[in-house]
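Trainee: Pasting start19.txt below, which is compact mmCIF, C-alpha atoms and all ligand atoms.
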# COMPACT_ATOMS: atom_id res chain seq x y z
CA MET S 962 -18.71 -3.12 7.65
CA LYS S 963 -17.95 -5.49 4.81
CA ILE S 964 -16.37 -3.98 1.67
CA ALA S 965 -16.11 -6.11 -1.47
CA THR S 966 -13.31 -4.80 -3.67
CA ILE S 967 -13.19 -5.76 -7.34
CA VAL S 968 -9.78 -5.96 -9.00
CA GLY S 969 -8.62 -7.60 -12.20
CA ALA S 970 -5.95 -5.64 -14.04
CA ARG S 971 -2.45 -4.52 -13.15
CA PRO S 972 -3.09 -0.87 -12.21
CA GLN S 973 -5.91 -1.95 -9.92
CA PHE S 974 -3.61 -4.14 -7.87
CA VAL S 975 -1.45 -1.09 -7.14
CA LYS S 976 -4.44 1.03 -6.10
CA ALA S 977 -5.95 -1.78 -4.04
CA ALA S 978 -2.66 -2.21 -2.18
CA ALA S 979 -2.84 1.38 -0.94
CA PHE S 980 -6.41 1.03 0.32
CA SER S 981 -6.14 -2.50 1.76
CA ARG S 982 -3.33 -1.48 4.13
CA ILE S 983 -5.45 1.30 5.57
CA ALA S 984 -8.69 -0.74 5.69
CA ALA S 985 -6.96 -3.62 7.49
CA ALA S 986 -6.02 -1.26 10.33
CA ARG S 987 -9.60 -0.03 10.87
CA PRO S 988 -11.49 -1.88 13.60
CA GLY S 989 -14.76 -3.30 12.34
CA CYS S 990 -13.79 -2.93 8.69
CA GLU S 991 -13.62 -6.17 6.72
CA GLU S 992 -12.41 -6.05 3.12
CA ILE S 993 -12.74 -9.00 0.79
CA LEU S 994 -11.01 -8.99 -2.57
CA ILE S 995 -12.61 -10.37 -5.70
CA HIS S 996 -10.06 -10.90 -8.52
CA THR S 997 -11.75 -11.24 -11.91
CA GLY S 998 -8.67 -12.81 -13.52
CA GLN S 999 -8.61 -10.24 -16.36
CA HIS S 1000 -4.83 -10.24 -15.90
CA TYR S 1001 -3.57 -13.71 -15.06
CA ASP S 1002 0.10 -14.10 -16.01
CA ALA S 1003 2.43 -14.34 -13.01
CA ASN S 1004 4.18 -11.11 -14.01
CA MET S 1005 0.91 -9.28 -14.66
CA SER S 1006 -0.77 -10.31 -11.40
CA ASP S 1007 0.97 -12.52 -8.78
CA VAL S 1008 4.08 -10.36 -8.53
CA PHE S 1009 1.95 -7.35 -7.47
CA PHE S 1010 0.20 -9.29 -4.70
CA ARG S 1011 3.55 -10.57 -3.44
CA GLU S 1012 5.55 -7.34 -3.62
CA LEU S 1013 2.84 -5.02 -2.36
CA ASN S 1014 1.59 -7.35 0.39
CA ILE S 1015 -1.96 -7.40 -0.95
CA PRO S 1016 -4.12 -9.94 0.92
CA PRO S 1017 -4.91 -12.94 -1.30
CA PRO S 1018 -8.26 -12.63 -3.08
CA ARG S 1019 -11.07 -14.49 -1.33
CA HIS S 1020 -12.58 -15.17 -4.74
CA HIS S 1021 -10.64 -15.65 -7.95
CA LEU S 1022 -12.95 -15.74 -10.97
CA GLY S 1023 -10.39 -16.83 -13.58
CA VAL S 1024 -12.21 -15.04 -16.38
CA GLY S 1025 -9.09 -14.39 -18.49
CA SER S 1026 -9.07 -12.63 -21.84
CA GLY S 1027 -11.74 -12.40 -24.49
CA ARG S 1028 -13.67 -9.88 -26.54
CA HIS S 1029 -15.14 -7.00 -24.54
CA GLY S 1030 -18.71 -8.30 -24.34
CA ALA S 1031 -17.75 -11.85 -23.50
CA GLN S 1032 -15.10 -10.83 -20.95
CA THR S 1033 -17.31 -8.27 -19.19
CA GLY S 1034 -20.37 -10.54 -19.31
CA LYS S 1035 -18.57 -13.49 -17.74
CA MET S 1036 -17.27 -11.23 -14.99
CA MET S 1037 -20.75 -9.85 -14.26
CA GLU S 1038 -22.26 -13.31 -14.02
CA LEU S 1039 -19.67 -14.51 -11.52
CA ILE S 1040 -19.50 -11.27 -9.49
CA GLU S 1041 -23.28 -11.37 -9.10
CA GLU S 1042 -23.13 -14.83 -7.53
CA ILE S 1043 -20.43 -13.78 -5.11
CA LEU S 1044 -22.23 -10.60 -4.07
CA LEU S 1045 -25.36 -12.65 -3.33
CA LEU S 1046 -23.23 -14.89 -1.13
CA GLU S 1047 -21.11 -12.24 0.62
CA LYS S 1048 -23.73 -9.48 1.01
CA PRO S 1049 -21.27 -6.58 1.39
CA GLN S 1050 -22.38 -3.12 2.52
CA VAL S 1051 -20.48 -1.52 -0.34
CA VAL S 1052 -18.62 -2.56 -3.50
CA LEU S 1053 -15.37 -0.75 -4.21
CA ILE S 1054 -14.18 -0.39 -7.80
CA TYR S 1055 -11.04 1.20 -9.25
CA GLY S 1056 -10.29 2.97 -12.49
CA ASP S 1057 -11.65 2.20 -15.92
CA THR S 1058 -11.13 -1.42 -16.92
CA ASN S 1059 -13.66 -4.04 -17.95
CA SER S 1060 -13.39 -5.39 -14.38
CA THR S 1061 -14.45 -1.96 -13.07
CA LEU S 1062 -17.50 -1.90 -15.33
CA ALA S 1063 -18.54 -5.46 -14.50
CA GLY S 1064 -18.26 -4.79 -10.75
CA ALA S 1065 -20.22 -1.53 -11.03
CA LEU S 1066 -23.12 -3.05 -12.95
CA ALA S 1067 -23.33 -6.29 -10.95
CA ALA S 1068 -23.46 -4.36 -7.67
CA ALA S 1069 -25.81 -1.58 -8.80
CA LYS S 1070 -28.32 -4.12 -10.10
CA GLN S 1071 -28.40 -5.73 -6.67
CA HIS S 1072 -28.87 -2.30 -5.08
CA ILE S 1073 -25.54 -2.56 -3.32
CA PRO S 1074 -23.89 0.88 -3.06
CA VAL S 1075 -20.95 1.32 -5.43
CA ALA S 1076 -17.88 3.39 -4.55
CA HIS S 1077 -15.70 4.38 -7.50
CA VAL S 1078 -12.09 5.39 -6.95
CA GLU S 1079 -10.64 7.51 -9.78
CA ALA S 1080 -14.04 8.93 -10.75
CA GLY S 1081 -14.60 11.87 -13.08
CA LEU S 1082 -11.68 11.37 -15.45
CA ARG S 1083 -12.46 11.84 -19.12
CA SER S 1084 -10.48 11.64 -22.36
CA PHE S 1085 -13.61 12.67 -24.34
CA ASN S 1086 -12.72 9.91 -26.79
CA ARG S 1087 -15.53 7.34 -26.80
CA LYS S 1088 -13.56 5.03 -29.06
CA MET S 1089 -11.49 4.07 -26.01
CA PRO S 1090 -13.06 1.17 -24.09
CA GLU S 1091 -11.79 2.81 -20.91
CA GLU S 1092 -13.83 5.98 -21.60
CA LEU S 1093 -17.07 4.00 -21.88
CA ASN S 1094 -16.19 2.08 -18.72
CA ARG S 1095 -15.61 5.35 -16.83
CA ILE S 1096 -18.83 7.01 -17.94
CA VAL S 1097 -21.02 4.04 -17.09
CA SER S 1098 -19.25 3.29 -13.81
CA ASP S 1099 -19.59 6.90 -12.67
CA ALA S 1100 -23.25 6.99 -13.68
CA VAL S 1101 -24.18 4.01 -11.47
CA SER S 1102 -21.89 4.83 -8.53
CA ASP S 1103 -23.16 6.09 -5.17
CA VAL S 1104 -19.88 7.59 -3.96
CA LEU S 1105 -17.41 8.98 -6.48
CA PHE S 1106 -13.87 9.55 -5.27
CA ALA S 1107 -12.33 12.10 -7.63
CA PRO S 1108 -8.52 12.33 -7.78
CA THR S 1109 -8.40 15.99 -8.95
CA ARG S 1110 -10.49 19.17 -8.78
CA GLU S 1111 -10.97 18.90 -12.58
CA ALA S 1112 -12.55 15.50 -12.08
CA VAL S 1113 -14.90 16.96 -9.42
CA ALA S 1114 -15.92 19.71 -11.85
CA GLN S 1115 -16.47 17.20 -14.66
CA LEU S 1116 -18.88 15.15 -12.55
CA LYS S 1117 -20.81 18.32 -11.73
CA THR S 1118 -21.01 19.13 -15.45
CA GLU S 1119 -22.49 15.67 -16.03
CA GLY S 1120 -25.21 16.35 -13.48
CA ILE S 1121 -24.01 13.97 -10.78
CA ARG S 1122 -25.35 15.02 -7.38
CA GLY S 1123 -22.77 16.97 -5.40
CA ASP S 1124 -23.20 14.94 -2.21
CA LYS S 1125 -22.05 11.81 -4.04
CA VAL S 1126 -18.72 13.32 -5.05
CA VAL S 1127 -15.70 13.35 -2.73
CA TRP S 1128 -12.32 14.81 -3.65
CA SER S 1129 -9.80 12.28 -2.33
CA GLY S 1130 -6.60 13.08 -4.17
CA ASP S 1131 -4.93 10.35 -6.19
CA ILE S 1132 -4.47 6.95 -4.58
CA MET S 1133 -1.60 6.22 -6.98
CA TYR S 1134 0.33 8.98 -5.26
CA ASP S 1135 0.03 7.11 -1.94
CA MET S 1136 1.73 4.12 -3.56
CA ALA S 1137 4.29 6.15 -5.47
CA LEU S 1138 5.57 7.61 -2.19
CA LEU S 1139 5.57 4.26 -0.41
CA VAL S 1140 7.24 2.25 -3.15
CA ARG S 1141 9.92 4.82 -3.96
CA GLU S 1142 12.00 3.93 -0.90
CA ILE S 1143 11.42 0.19 -1.30
CA SER S 1144 12.54 0.38 -4.93
CA LEU S 1145 15.71 2.30 -4.16
CA ARG S 1146 16.59 -0.29 -1.49
CA GLN S 1147 15.55 -3.50 -3.17
CA SER S 1148 15.58 -3.30 -6.95
CA SER S 1149 18.63 -4.41 -8.94
CA ILE S 1150 17.02 -3.69 -12.31
CA LEU S 1151 19.53 -1.00 -13.33
CA PRO S 1152 22.62 -3.21 -13.10
CA ASP S 1153 20.59 -6.20 -14.34
CA LEU S 1154 19.87 -4.34 -17.58
CA ALA S 1155 23.29 -2.62 -17.63
CA LEU S 1156 21.72 0.85 -17.37
CA LYS S 1157 23.30 4.00 -15.98
CA PRO S 1158 21.26 6.51 -13.94
CA LYS S 1159 19.85 9.17 -16.30
CA GLY S 1160 21.40 7.29 -19.21
CA TYR S 1161 18.24 5.73 -20.67
CA TYR S 1162 14.59 6.24 -21.56
CA VAL S 1163 11.90 3.88 -20.33
CA ALA S 1164 8.82 3.19 -22.45
CA THR S 1165 5.48 1.39 -22.02
CA ILE S 1166 2.80 0.77 -24.65
CA HIS S 1167 -0.40 -1.19 -24.27
CA ARG S 1168 -3.46 0.94 -25.17
CA ALA S 1169 -5.69 -0.77 -27.74
CA GLU S 1170 -5.80 2.43 -29.84
CA ASN S 1171 -2.03 2.01 -30.37
CA THR S 1172 -1.53 -1.77 -30.40
CA ASP S 1173 -4.56 -2.60 -32.54
CA ASP S 1174 -3.99 0.07 -35.22
CA PRO S 1175 -1.17 -1.13 -37.53
CA ARG S 1176 -0.31 2.39 -38.70
CA ARG S 1177 0.00 3.81 -35.21
CA LEU S 1178 1.93 0.76 -34.01
CA ALA S 1179 4.38 1.02 -36.93
CA ALA S 1180 4.88 4.75 -36.23
CA ILE S 1181 5.62 4.02 -32.56
CA VAL S 1182 8.11 1.26 -33.44
CA LYS S 1183 9.95 3.46 -35.96
CA CYS S 1184 10.03 6.30 -33.44
CA LEU S 1185 11.46 4.04 -30.71
CA GLU S 1186 14.09 2.76 -33.15
CA ARG S 1187 15.16 6.35 -33.87
CA VAL S 1188 15.28 7.27 -30.19
CA GLY S 1189 17.21 4.04 -29.54
CA ARG S 1190 19.99 5.20 -31.90
CA GLU S 1191 20.64 8.17 -29.59
CA ILE S 1192 20.13 6.68 -26.12
CA PRO S 1193 19.25 3.23 -24.71
CA VAL S 1194 15.50 2.62 -24.47
CA VAL S 1195 13.94 -0.06 -22.25
CA LEU S 1196 10.46 -1.33 -23.08
CA PRO S 1197 8.82 -3.84 -20.72
CA LEU S 1198 6.38 -5.54 -23.05
CA HIS S 1199 2.70 -5.88 -22.15
CA PRO S 1200 1.33 -9.19 -23.55
CA ARG S 1201 -1.14 -7.31 -25.79
CA THR S 1202 1.75 -5.34 -27.30
CA ARG S 1203 3.95 -8.39 -27.78
CA ALA S 1204 1.12 -10.15 -29.62
CA ALA S 1205 0.54 -7.09 -31.83
CA LEU S 1206 4.26 -6.76 -32.68
CA VAL S 1207 4.42 -10.44 -33.65
CA ARG S 1208 1.25 -10.06 -35.76
CA GLU S 1209 2.71 -7.05 -37.61
CA ASN S 1210 6.15 -8.63 -37.97
CA LEU S 1211 7.81 -5.79 -36.05
CA LEU S 1212 9.20 -7.60 -33.02
CA ASP S 1213 12.58 -8.63 -34.46
CA ALA S 1214 13.54 -5.21 -35.77
CA LEU S 1215 12.49 -3.55 -32.51
CA SER S 1216 14.41 -6.04 -30.38
CA HIS S 1217 17.61 -5.11 -32.23
CA ALA S 1218 17.11 -1.38 -31.68
CA ILE S 1219 16.09 -1.23 -28.02
CA THR S 1220 15.99 -3.42 -24.89
CA LEU S 1221 12.78 -5.41 -24.52
CA SER S 1222 11.89 -7.08 -21.24
CA GLU S 1223 9.02 -9.08 -19.84
CA PRO S 1224 6.40 -7.06 -17.89
CA LEU S 1225 8.01 -5.86 -14.66
CA GLY S 1226 6.78 -5.86 -11.10
CA PHE S 1227 5.97 -2.48 -9.56
CA VAL S 1228 9.18 -2.25 -7.51
CA ASP S 1229 11.41 -2.67 -10.60
CA MET S 1230 9.20 -0.46 -12.75
CA VAL S 1231 9.38 2.38 -10.23
CA ARG S 1232 13.15 1.94 -9.98
CA LEU S 1233 13.44 2.32 -13.76
CA GLU S 1234 11.22 5.40 -13.70
CA LEU S 1235 13.16 7.04 -10.87
CA ASP S 1236 16.42 7.23 -12.81
CA ALA S 1237 15.13 7.53 -16.38
CA ARG S 1238 16.18 10.55 -18.40
CA ALA S 1239 12.64 10.57 -19.76
CA ILE S 1240 9.57 8.35 -20.01
CA ILE S 1241 7.57 7.46 -23.13
CA THR S 1242 4.14 5.96 -22.46
CA ASP S 1243 0.47 5.55 -23.33
CA SER S 1244 -0.41 4.38 -19.80
CA GLY S 1245 -2.51 6.55 -17.49
CA GLY S 1246 -0.65 5.46 -14.36
CA VAL S 1247 2.84 5.87 -15.79
CA GLN S 1248 2.03 9.44 -16.92
CA LYS S 1249 1.41 10.37 -13.32
CA GLU S 1250 4.30 8.40 -11.87
CA ALA S 1251 6.57 10.40 -14.19
CA PHE S 1252 5.24 13.58 -12.56
CA PHE S 1253 5.42 12.18 -9.00
CA TYR S 1254 9.14 11.58 -9.61
CA ARG S 1255 9.53 14.75 -11.76
CA ILE S 1256 10.75 12.90 -14.87
CA PRO S 1257 9.97 14.39 -18.33
CA CYS S 1258 7.22 12.34 -19.95
CA PHE S 1259 6.02 11.95 -23.54
CA VAL S 1260 2.48 10.63 -23.91
CA LEU S 1261 1.87 8.62 -27.09
CA ARG S 1262 -1.79 9.57 -27.42
CA ASP S 1263 -4.01 12.17 -29.08
CA GLU S 1264 -5.47 13.26 -25.75
CA THR S 1265 -5.19 12.43 -22.07
CA GLU S 1266 -7.33 12.40 -18.93
CA TRP S 1267 -4.48 13.96 -16.95
CA VAL S 1268 -4.69 17.37 -18.61
CA GLU S 1269 -3.18 19.30 -15.71
CA LEU S 1270 0.21 17.68 -16.38
CA ILE S 1271 0.16 18.83 -19.99
CA GLU S 1272 -0.96 22.35 -19.05
CA ALA S 1273 1.77 22.71 -16.42
CA GLY S 1274 4.41 21.59 -18.92
CA TRP S 1275 5.43 18.34 -17.22
CA ASN S 1276 4.08 15.98 -19.87
CA THR S 1277 3.91 16.38 -23.65
CA LEU S 1278 1.36 14.77 -25.96
CA VAL S 1279 3.01 13.03 -28.91
CA PRO S 1280 0.29 11.61 -31.18
CA PRO S 1281 1.62 8.55 -33.03
CA ALA S 1282 1.86 9.75 -36.64
CA ASP S 1283 5.19 10.79 -38.22
CA PRO S 1284 8.03 8.85 -36.51
CA ALA S 1285 10.68 11.45 -37.38
CA VAL S 1286 8.66 14.25 -35.79
CA MET S 1287 7.83 12.09 -32.77
CA ALA S 1288 11.49 11.17 -32.19
CA ARG S 1289 12.58 14.80 -32.54
CA VAL S 1290 10.09 15.93 -29.89
CA ILE S 1291 10.99 13.06 -27.57
CA LEU S 1292 14.74 13.63 -27.79
CA ASP S 1293 14.53 17.37 -27.18
CA LEU S 1294 14.75 17.88 -23.43
CA GLN S 1295 15.94 21.48 -23.67
CA ASN S 1296 13.62 24.43 -23.15
CA ARG S 1297 11.30 22.67 -20.78
CA HIS S 1298 9.96 24.99 -18.09
CA PRO S 1299 7.39 23.01 -16.12
CA ARG S 1300 5.40 24.82 -13.48
CA GLU S 1301 5.22 23.29 -9.97
CA ILE S 1302 1.67 22.09 -9.16
CA SER S 1303 0.12 19.71 -6.64
CA PRO S 1304 -3.18 18.51 -8.07
CA TYR S 1305 -3.18 15.01 -6.53
CA GLY S 1306 -3.25 15.67 -2.79
CA ASP S 1307 -0.62 14.74 -0.24
CA GLY S 1308 -0.47 10.94 -0.47
CA HIS S 1309 -3.32 10.22 1.93
CA ALA S 1310 -6.08 9.40 -0.55
CA ALA S 1311 -6.59 5.90 0.89
CA THR S 1312 -7.23 7.34 4.37
CA ILE S 1313 -9.76 9.83 3.02
CA ILE S 1314 -11.52 7.03 1.13
CA ALA S 1315 -11.60 4.66 4.14
CA ASP S 1316 -12.92 7.38 6.48
CA GLU S 1317 -15.65 8.32 4.04
CA LEU S 1318 -16.75 4.73 3.47
CA ILE S 1319 -16.95 4.12 7.21
CA ARG S 1320 -18.92 7.34 7.70
CA ARG S 1321 -21.42 6.44 5.01
CA PHE S 1322 -21.79 2.69 5.23
CA ASN S 1323 -20.81 1.45 8.68
CA ALA S 1324 -24.14 0.13 9.94
C1 LIG O 1401 -6.54 -3.41 -19.46
C2 LIG O 1401 -7.51 -2.25 -19.32
C3 LIG O 1401 -6.75 -0.93 -19.34
C4 LIG O 1401 -5.59 -0.94 -18.35
C5 LIG O 1401 -4.71 -2.15 -18.66
C6 LIG O 1401 -3.51 -2.27 -17.76
C7 LIG O 1401 -9.74 -2.66 -20.25
C8 LIG O 1401 -10.67 -2.40 -21.38
N1 LIG O 1401 -8.47 -2.22 -20.41
O1 LIG O 1401 -5.99 -3.37 -20.78
O2 LIG O 1401 -7.65 0.12 -18.99
O3 LIG O 1401 -4.83 0.25 -18.49
O4 LIG O 1401 -5.51 -3.32 -18.52
O5 LIG O 1401 -2.64 -3.26 -18.28
O6 LIG O 1401 -10.13 -3.26 -19.26
N2 LIG O 1401 -2.91 -10.84 -21.53
C9 LIG O 1401 -2.05 -11.86 -21.20
N3 LIG O 1401 -1.74 -12.05 -19.89
C10 LIG O 1401 -2.27 -11.31 -18.91
C11 LIG O 1401 -3.16 -10.28 -19.26
C12 LIG O 1401 -3.46 -10.05 -20.56
O7 LIG O 1401 -1.53 -12.58 -22.05
O8 LIG O 1401 -1.96 -11.54 -17.73
C13 LIG O 1401 -3.22 -10.59 -22.94
C14 LIG O 1401 -4.47 -11.25 -23.42
O9 LIG O 1401 -4.19 -11.88 -24.62
C15 LIG O 1401 -5.45 -10.10 -23.66
C16 LIG O 1401 -4.53 -8.92 -23.89
O10 LIG O 1401 -3.34 -9.20 -23.16
O11 LIG O 1401 -6.26 -10.35 -24.75
C17 LIG O 1401 -5.12 -7.65 -23.39
O12 LIG O 1401 -5.61 -7.79 -22.08
P1 LIG O 1401 -6.95 -7.05 -21.65
O13 LIG O 1401 -7.30 -7.43 -20.30
O14 LIG O 1401 -7.97 -7.23 -22.71
O15 LIG O 1401 -6.62 -5.51 -21.73
P2 LIG O 1401 -5.31 -4.66 -21.40
O16 LIG O 1401 -4.71 -4.23 -22.67
O17 LIG O 1401 -4.39 -5.29 -20.42
How does this structure look as C-alpha cells?

Mentor:
Amino acid sequence: MKIATIVGARPQFVKAAAFSRIAAARPGCEEILIHTGQHYDANMSDVFFRELNIPPPRHHLGVGSGRHGAQTGKMMELIEEILLLEKPQVVLIYGDTNSTLAGALAAAKQHIPVAHVEAGLRSFNRKMPEELNRIVSDAVSDVLFAPTREAVAQLKTEGIRGDKVVWSGDIMYDMALLVREISLRQSSILPDLALKPKGYYVATIHRAENTDDPRRLAAIVKCLERVGREIPVVLPLHPRTRAALVRENLLDALSHAITLSEPLGFVDMVRLELDARAIITDSGGVQKEAFFYRIPCFVLRDETEWVELIEAGWNTLVPPADPAVMARVILDLQNRHPREISPYGDGHAATIIADELIRRFNA
C-alpha cells in the first residue's frame, strides 16, 4: 500500500513524525512524503526533519509564501502532477493549513481516497483561514480521524457518514510523550537563555487574527511587557509575527521587555514548556502541549477548538483587548482548580491510524 502524505507547515512535521515511525515498521506499507514548502526556513522546517528523524520528502514543491489563493493554487497544481505520477492508494493530510486544503482537493479530484488526521475540530469562526481549511478538508475526506469525542460528535452534526469517522485520539500526544524524555536529556535551552525552572513564562504568537490586526497585536505586546515586569517571558518569534512587529514599530520596545528568540526546534520548545511557570499562546498545538505537561496555559484568542481544556479548567481564554486586564489574568495563578481529564487517548493515535489505513486501503 502506497500512502502519499502531504506536509508543509511546522505542526504537520511533528504529526508526520509520529505516523512515519509506525508506518515504516509495517510490512507492505510504503509512505512517501510530499513537502509543499509552505514553511521553508531552516528553523521552521529542516530542524524538525533532523530532530524527529522524519524521512526526507520524496518531493519538495518549494511553493513558499504568498496570498492564500496563490499559495494554495500553486500547491494544488504541483500536488496533482505528483499524484498522477505516484498513484498512491490514499493521501494522508494533517490539520488545517493551506497545505492540508491543497492536498485534500488535489487528491479528491483525482478520486484518490483522502484520510484527514485531526478531523472534526471547529472554532466556529469562519474568519480564520484554518476554519475554512478544516471544513472543506473534512467534507472531501473519505476517512476522518478525530482526536476527541467532541470532534466525532461535530462530524455527525455536519452529516458526515458515521463509517467514515474514526476516533484515534490525538497524534500530538504520541509525540509529546516521546519527545519529553529526549528534551530533558538533550536540550540546553534553559541555561542557554539563563532561565530557572518554573521561573519564567513561555509565549508563542502567530495566528493571522492576532498578527494582522494592529489593535490586537498592540494589546498583546503591551500585555507581554506588563507580564515581563513581573517574571521573565521568552517568546520564540514566528516569521509572520516578526514581520508584523517590525511593520507596527513594536519590535524594539518588546525586545527590551522580554526575551525574544528565533523559532525553536521541537526538542528545545518542549524543554521550555516542561519547566515554564505558565504558557501564553495562540497556537493550537501549544495549547495541548501545555495540558500534556500540566502547565497552566492562557490562550490569546476569542475562542478555541480545544474546548475541553477550557471546560476542565486547564486553559483560560484571554481575548486580546485590554492589556491591563489580560496581564492581570495571566499573572494570577492562584485559585486554579483544574479537573483531571483524558480526552486525547493514550499516546497510540499513530498506531490506530496506521491499522485503519491498512484495513481500508491495503489492496
Ligand atoms: C500556518 C498555518 C497555521 C499553522 C501555522 C504554524 C495556514 C493558513 N496557516 O500559518 O494553521 O498553525 O502555519 O506555523 O496554512 N514565513 C517565513 N519562513 C517560513 C515560513 C513562513 O518567513 O519558513 C513567513 C512568510 O513570510 C509567510 C508568513 O511567515 O508569509 C506566514 O506563513 P504562512 O505559511 O502563510 O502561515 P503561518 O502563519 O505560518

Trainee: For S:Val1260, find every residue with an atom within 6 Å (counting all atoms listed in the file), except residues of its own chain fewer than 4 positions away, and show them as a list of chain:residue names.

Mentor: S:Thr1242, S:Asp1243, S:Thr1277, S:Leu1278, S:Val1279

Trainee: For S:Ser1084, which of S:Ser981, S:Asn1296, S:Ser1222, S:Thr1265 is the closest residue, counting only C-alpha atoms?

Mentor: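 The shortest atom-to-atom distance to S:Ser1084 comes from S:Thr1265.
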
Trainee: Between atom CA of S:Thr997 and atom CA of S:Val1024, what is the distance, to one decimal in Å?

Mentor: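 The value is 5.9 Å.
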
Trainee: Residues within 6 Å of ligand LIG 1401 (chain O) (all atoms listed in the file), as an MDAnalysis selection string?

Mentor: chainID S and resid 970:972 999:1002 1005 1026:1027 1057:1059 1090:1091 1167:1168 1200:1201

Trainee: Can you work out the spacing between atom CA of S:Ile1166 and atom CA of S:Leu1198 in Å, to one decimal?

Mentor: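 Going from atom CA of S:Ile1166 over to atom CA of S:Leu1198, I get 7.4 Å.
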
Trainee: What is the atom CA of S:Gly1025 to atom CA of S:Asp1174 distance in Å?

Mentor: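 Taking atom CA of S:Gly1025 and atom CA of S:Asp1174, their separation equals 22.7 Å.
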
Trainee: Closest to S:Asp1135 among S:Gln1248, S:Pro1108, S:Leu1156, S:Ala1285, using all atoms listed in the file?

Mentor: S:Pro1108

Trainee: Which residue out of S:Val1268, S:Ile964, S:Val1290, S:Val1195 has the minimum interatomic distance to S:Gly1160 when all atoms listed in the file are used?

Mentor: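 Of S:Val1268, S:Ile964, S:Val1290, S:Val1195, the one nearest S:Gly1160, counting all atoms listed in the file, is S:Val1195.
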
Trainee: Using the structure block above, produce a file of stretch 1276-1295 of chain S that contains N, CA and C atoms, as a PDB file, in the first residue's frame.

Mentor:
ATOM      1  N   ASN S1276      -6.937  25.383  30.709  1.00  0.00           N
ATOM      2  CA  ASN S1276      -6.577  26.545  29.898  1.00  0.00           C
ATOM      3  C   ASN S1276      -7.610  27.651  30.095  1.00  0.00           C
ATOM      4  N   THR S1277      -7.157  28.888  29.877  1.00  0.00           N
ATOM      5  CA  THR S1277      -8.029  30.052  30.062  1.00  0.00           C
ATOM      6  C   THR S1277      -7.987  30.896  28.796  1.00  0.00           C
ATOM      7  N   LEU S1278      -9.151  31.237  28.262  1.00  0.00           N
ATOM      8  CA  LEU S1278      -9.186  32.142  27.106  1.00  0.00           C
ATOM      9  C   LEU S1278      -8.929  33.567  27.572  1.00  0.00           C
ATOM     10  N   VAL S1279      -8.011  34.250  26.875  1.00  0.00           N
ATOM     11  CA  VAL S1279      -7.713  35.646  27.186  1.00  0.00           C
ATOM     12  C   VAL S1279      -7.794  36.437  25.878  1.00  0.00           C
ATOM     13  N   PRO S1280      -8.982  36.904  25.492  1.00  0.00           N
ATOM     14  CA  PRO S1280      -9.100  37.631  24.230  1.00  0.00           C
ATOM     15  C   PRO S1280      -8.248  38.901  24.253  1.00  0.00           C
ATOM     16  N   PRO S1281      -7.453  39.119  23.185  1.00  0.00           N
ATOM     17  CA  PRO S1281      -6.585  40.299  23.167  1.00  0.00           C
ATOM     18  C   PRO S1281      -7.410  41.582  23.059  1.00  0.00           C
ATOM     19  N   ALA S1282      -7.549  42.293  24.173  1.00  0.00           N
ATOM     20  CA  ALA S1282      -8.293  43.556  24.181  1.00  0.00           C
ATOM     21  C   ALA S1282      -7.583  44.537  25.121  1.00  0.00           C
ATOM     22  N   ASP S1283      -7.943  44.521  26.406  1.00  0.00           N
ATOM     23  CA  ASP S1283      -7.328  45.457  27.360  1.00  0.00           C
ATOM     24  C   ASP S1283      -6.067  44.815  27.970  1.00  0.00           C
ATOM     25  N   PRO S1284      -4.885  45.398  27.693  1.00  0.00           N
ATOM     26  CA  PRO S1284      -3.640  44.755  28.149  1.00  0.00           C
ATOM     27  C   PRO S1284      -3.553  44.619  29.659  1.00  0.00           C
ATOM     28  N   ALA S1285      -4.108  45.595  30.401  1.00  0.00           N
ATOM     29  CA  ALA S1285      -4.016  45.519  31.867  1.00  0.00           C
ATOM     30  C   ALA S1285      -4.828  44.336  32.384  1.00  0.00           C
ATOM     31  N   VAL S1286      -6.018  44.153  31.823  1.00  0.00           N
ATOM     32  CA  VAL S1286      -6.867  43.026  32.234  1.00  0.00           C
ATOM     33  C   VAL S1286      -6.188  41.712  31.842  1.00  0.00           C
ATOM     34  N   MET S1287      -5.676  41.664  30.621  1.00  0.00           N
ATOM     35  CA  MET S1287      -5.013  40.439  30.149  1.00  0.00           C
ATOM     36  C   MET S1287      -3.868  40.061  31.090  1.00  0.00           C
ATOM     37  N   ALA S1288      -3.017  41.032  31.402  1.00  0.00           N
ATOM     38  CA  ALA S1288      -1.839  40.748  32.240  1.00  0.00           C
ATOM     39  C   ALA S1288      -2.271  40.286  33.631  1.00  0.00           C
ATOM     40  N   ARG S1289      -3.344  40.905  34.154  1.00  0.00           N
ATOM     41  CA  ARG S1289      -3.809  40.514  35.484  1.00  0.00           C
ATOM     42  C   ARG S1289      -4.247  39.041  35.483  1.00  0.00           C
ATOM     43  N   VAL S1290      -5.012  38.666  34.472  1.00  0.00           N
ATOM     44  CA  VAL S1290      -5.480  37.272  34.383  1.00  0.00           C
ATOM     45  C   VAL S1290      -4.282  36.326  34.258  1.00  0.00           C
ATOM     46  N   ILE S1291      -3.342  36.712  33.414  1.00  0.00           N
ATOM     47  CA  ILE S1291      -2.204  35.825  33.112  1.00  0.00           C
ATOM     48  C   ILE S1291      -1.277  35.653  34.315  1.00  0.00           C
ATOM     49  N   LEU S1292      -1.175  36.689  35.132  1.00  0.00           N
ATOM     50  CA  LEU S1292      -0.254  36.604  36.269  1.00  0.00           C
ATOM     51  C   LEU S1292      -0.882  35.931  37.490  1.00  0.00           C
ATOM     52  N   ASP S1293      -2.192  35.755  37.464  1.00  0.00           N
ATOM     53  CA  ASP S1293      -2.872  35.179  38.620  1.00  0.00           C
ATOM     54  C   ASP S1293      -2.945  33.663  38.503  1.00  0.00           C
ATOM     55  N   LEU S1294      -2.043  32.986  39.189  1.00  0.00           N
ATOM     56  CA  LEU S1294      -2.044  31.515  39.102  1.00  0.00           C
ATOM     57  C   LEU S1294      -2.694  30.873  40.334  1.00  0.00           C
ATOM     58  N   GLN S1295      -3.202  31.733  41.228  1.00  0.00           N
ATOM     59  CA  GLN S1295      -3.894  31.200  42.408  1.00  0.00           C
ATOM     60  C   GLN S1295      -5.298  30.750  41.999  1.00  0.00           C
TER      61      GLN S1295
END
